[in-house]
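Heads up, entry_39.pdb below (PDB, C-alpha atoms):
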ATOM      1  CA  MET A   1       0.000   0.000   0.000  1.00  0.00           C
ATOM      2  CA  ASN A   2       1.305   3.449  -0.878  1.00  0.00           C
ATOM      3  CA  ARG A   3       1.497   6.141   1.739  1.00  0.00           C
ATOM      4  CA  PRO A   4      -0.240   9.455   1.092  1.00  0.00           C
ATOM      5  CA  LEU A   5       1.947  12.148  -0.442  1.00  0.00           C
ATOM      6  CA  SER A   6       3.332  14.790   1.870  1.00  0.00           C
ATOM      7  CA  SER A   7       2.460  18.434   1.332  1.00  0.00           C
ATOM      8  CA  ALA A   8       5.861  19.049  -0.283  1.00  0.00           C
ATOM      9  CA  GLU A   9       5.425  16.037  -2.578  1.00  0.00           C
ATOM     10  CA  ARG A  10       1.949  17.181  -3.610  1.00  0.00           C
ATOM     11  CA  SER A  11       3.277  20.666  -4.287  1.00  0.00           C
ATOM     12  CA  ALA A  12       6.135  19.283  -6.397  1.00  0.00           C
ATOM     13  CA  GLU A  13       3.704  17.086  -8.315  1.00  0.00           C
ATOM     14  CA  ARG A  14       1.406  20.057  -8.986  1.00  0.00           C
ATOM     15  CA  ARG A  15       4.394  22.082 -10.139  1.00  0.00           C
ATOM     16  CA  GLN A  16       5.486  19.311 -12.517  1.00  0.00           C
ATOM     17  CA  ASN A  17       1.990  19.099 -13.963  1.00  0.00           C
ATOM     18  CA  TRP A  18       1.837  22.870 -14.357  1.00  0.00           C
ATOM     19  CA  LEU A  19       5.184  22.942 -16.202  1.00  0.00           C
ATOM     20  CA  LYS A  20       4.059  20.193 -18.572  1.00  0.00           C
ATOM     21  CA  GLU A  21       0.710  21.883 -19.212  1.00  0.00           C
ATOM     22  CA  GLU A  22       2.246  25.298 -19.848  1.00  0.00           C
ATOM     23  CA  ALA A  23       4.890  23.860 -22.184  1.00  0.00           C
ATOM     24  CA  THR A  24       2.152  21.987 -24.058  1.00  0.00           C
ATOM     25  CA  LYS A  25      -0.026  25.112 -24.300  1.00  0.00           C
ATOM     26  CA  ALA A  26       2.916  27.149 -25.570  1.00  0.00           C
ATOM     27  CA  ARG A  27       3.682  24.509 -28.189  1.00  0.00           C
ATOM     28  CA  GLU A  28       0.052  24.224 -29.283  1.00  0.00           C
ATOM     29  CA  SER A  29      -0.414  27.975 -29.612  1.00  0.00           C
ATOM     30  CA  ARG A  30       2.976  29.024 -31.030  1.00  0.00           C
ATOM     31  CA  GLY A  31       4.661  25.791 -32.113  1.00  0.00           C
ATOM     32  CA  GLU A  32       8.179  24.729 -31.227  1.00  0.00           C
ATOM     33  CA  ALA A  33       9.286  28.365 -30.982  1.00  0.00           C
ATOM     34  CA  GLY A  34       6.599  28.989 -28.356  1.00  0.00           C
ATOM     35  CA  GLN A  35       7.761  26.047 -26.312  1.00  0.00           C
ATOM     36  CA  MET A  36      11.365  27.249 -26.546  1.00  0.00           C
ATOM     37  CA  GLU A  37      10.325  30.748 -25.439  1.00  0.00           C
ATOM     38  CA  PHE A  38       8.481  29.270 -22.450  1.00  0.00           C
ATOM     39  CA  TRP A  39      11.583  27.399 -21.279  1.00  0.00           C
ATOM     40  CA  LEU A  40      13.804  30.450 -21.860  1.00  0.00           C
ATOM     41  CA  ARG A  41      11.490  32.635 -19.735  1.00  0.00           C
ATOM     42  CA  LEU A  42      11.506  29.988 -17.037  1.00  0.00           C
ATOM     43  CA  ALA A  43      15.317  29.737 -17.173  1.00  0.00           C
ATOM     44  CA  ARG A  44      15.676  33.508 -16.938  1.00  0.00           C
ATOM     45  CA  SER A  45      13.398  33.624 -13.923  1.00  0.00           C
ATOM     46  CA  ARG A  46      15.295  30.801 -12.229  1.00  0.00           C
ATOM     47  CA  ILE A  47      18.661  32.424 -12.982  1.00  0.00           C
ATOM     48  CA  THR A  48      17.469  35.634 -11.314  1.00  0.00           C
ATOM     49  CA  LYS A  49      16.376  33.707  -8.219  1.00  0.00           C
ATOM     50  CA  ASP A  50      19.656  31.796  -8.041  1.00  0.00           C
ATOM     51  CA  VAL A  51      21.701  35.007  -8.297  1.00  0.00           C
ATOM     52  CA  LYS A  52      19.652  36.584  -5.496  1.00  0.00           C
ATOM     53  CA  ALA A  53      20.344  33.453  -3.440  1.00  0.00           C
ATOM     54  CA  GLY A  54      24.090  33.950  -3.869  1.00  0.00           C
ATOM     55  CA  ARG A  55      24.657  31.422  -6.639  1.00  0.00           C
ATOM     56  CA  GLY A  56      26.143  33.790  -9.219  1.00  0.00           C
ATOM     57  CA  ASP A  57      27.984  30.953 -10.934  1.00  0.00           C
ATOM     58  CA  VAL A  58      24.689  30.291 -12.704  1.00  0.00           C
ATOM     59  CA  TYR A  59      25.699  32.960 -15.237  1.00  0.00           C
ATOM     60  CA  SER A  60      28.850  31.132 -16.298  1.00  0.00           C
ATOM     61  CA  GLY A  61      26.977  27.820 -16.290  1.00  0.00           C
ATOM     62  CA  PHE A  62      24.248  29.147 -18.574  1.00  0.00           C
ATOM     63  CA  ALA A  63      26.815  30.801 -20.845  1.00  0.00           C
ATOM     64  CA  LEU A  64      28.681  27.503 -21.157  1.00  0.00           C
ATOM     65  CA  ILE A  65      25.478  25.631 -21.992  1.00  0.00           C
ATOM     66  CA  CYS A  66      24.720  28.253 -24.675  1.00  0.00           C
ATOM     67  CA  ARG A  67      28.228  27.907 -26.112  1.00  0.00           C
ATOM     68  CA  LEU A  68      27.821  24.121 -26.212  1.00  0.00           C
ATOM     69  CA  PHE A  69      24.476  24.452 -27.972  1.00  0.00           C
ATOM     70  CA  ILE A  70      25.875  26.883 -30.545  1.00  0.00           C
ATOM     71  CA  THR A  71      28.881  24.624 -31.139  1.00  0.00           C
ATOM     72  CA  ALA A  72      26.539  21.695 -31.754  1.00  0.00           C
ATOM     73  CA  MET A  73      24.431  23.772 -34.167  1.00  0.00           C
ATOM     74  CA  ASN A  74      27.533  24.976 -36.033  1.00  0.00           C
ATOM     75  CA  LYS A  75      28.956  21.471 -36.383  1.00  0.00           C
ATOM     76  CA  ARG A  76      25.615  20.163 -37.603  1.00  0.00           C
ATOM     77  CA  ALA A  77      25.449  22.980 -40.185  1.00  0.00           C
ATOM     78  CA  GLU A  78      28.924  21.913 -41.342  1.00  0.00           C
ATOM     79  CA  GLY A  79      27.620  18.400 -41.895  1.00  0.00           C
ATOM     80  CA  ASP A  80      28.830  16.793 -38.657  1.00  0.00           C
ATOM     81  CA  GLY A  81      25.772  15.933 -36.577  1.00  0.00           C
ATOM     82  CA  ARG A  82      27.562  13.856 -33.930  1.00  0.00           C
ATOM     83  CA  ILE A  83      27.765  16.558 -31.257  1.00  0.00           C
ATOM     84  CA  TRP A  84      24.147  17.558 -31.912  1.00  0.00           C
ATOM     85  CA  ASN A  85      22.927  13.980 -31.672  1.00  0.00           C
ATOM     86  CA  ASP A  86      24.972  13.311 -28.531  1.00  0.00           C
ATOM     87  CA  LEU A  87      23.745  16.540 -26.930  1.00  0.00           C
ATOM     88  CA  MET A  88      20.112  15.785 -27.693  1.00  0.00           C
ATOM     89  CA  GLN A  89      20.414  12.214 -26.433  1.00  0.00           C
ATOM     90  CA  TYR A  90      22.136  13.316 -23.223  1.00  0.00           C
ATOM     91  CA  ALA A  91      19.600  16.123 -22.648  1.00  0.00           C
ATOM     92  CA  GLU A  92      16.683  13.718 -23.059  1.00  0.00           C
ATOM     93  CA  GLN A  93      18.257  11.277 -20.581  1.00  0.00           C
ATOM     94  CA  VAL A  94      18.917  13.966 -17.960  1.00  0.00           C
ATOM     95  CA  VAL A  95      15.448  15.533 -18.259  1.00  0.00           C
ATOM     96  CA  ALA A  96      13.776  12.112 -18.051  1.00  0.00           C
ATOM     97  CA  LYS A  97      15.764  11.235 -14.934  1.00  0.00           C
ATOM     98  CA  HIS A  98      15.573  14.682 -13.287  1.00  0.00           C
ATOM     99  CA  PRO A  99      12.399  16.555 -14.283  1.00  0.00           C
ATOM    100  CA  PRO A 100      12.666  20.352 -14.003  1.00  0.00           C
ATOM    101  CA  ARG A 101      11.497  22.072 -10.837  1.00  0.00           C
ATOM    102  CA  HIS A 102      11.027  25.751 -10.420  1.00  0.00           C
TER     103      HIS A 102
END

Show me this structure written as structure tokens.
Amino acid sequence: MNRPLSSAERSAERRQNWLKEEATKARESRGEAGQMEFWLRLARSRITKDVKAGRGDVYSGFALICRLFITAMNKRAEGDGRIWNDLMQYAEQVVAKHPPRH
């Protein structure tokens, strides 16, 4: 028999559902670009909160992720899709294992 969820667990579950619903709505109304914009707004908000909490290294971390993404796009445009494919596969694995929380 499963125990009832704690208040924190229920809150996290509601948050997860909200994120999924909002990402789906953004995709349905504005396509892939809308979904991307949703996640960028969420990232920007989270970065601001992390900086206020004294975790300023989030700037360099986000910049590095952006550089990686641009490198993968450039290589793919040059005809070498290995970095892109590896990045996408790794991202899908991480997100599946560790769903985003805000």

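When atom CA of A:Arg46 is paired with atom CA of A:Leu19, their separation reads 13.4 Å.
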
> Can you tell me, as an NGL selection string, what residues are no more than 9 Å from stretch 58-71 of chain A when counting all atoms listed in the file, ignoring any on the same chain fewer than 5 positions away?
Replying inline: :A and (47 or 50-51 or 76 or 83-84 or 87)

>> Which residues would end up in the selection if the PyMOL selection byres ((chain A and resi 99) around 12) were applied here, given that I need the answer as number ranges by chain?
In response: A: 12-13, 15-17, 19-20, 91-98, 100-102

> Hey, what's within 9 Å of A:Gly81 if we count all atoms listed in the file and toss same-chain stuff fewer than 6 positions away? As a VMD selection string, please?
Replying inline: chain A and resid 72 to 73 75

> atom CA of A:Glu28 and atom CA of A:Met88 are how many Å apart?
Replying inline: 21.8 Å
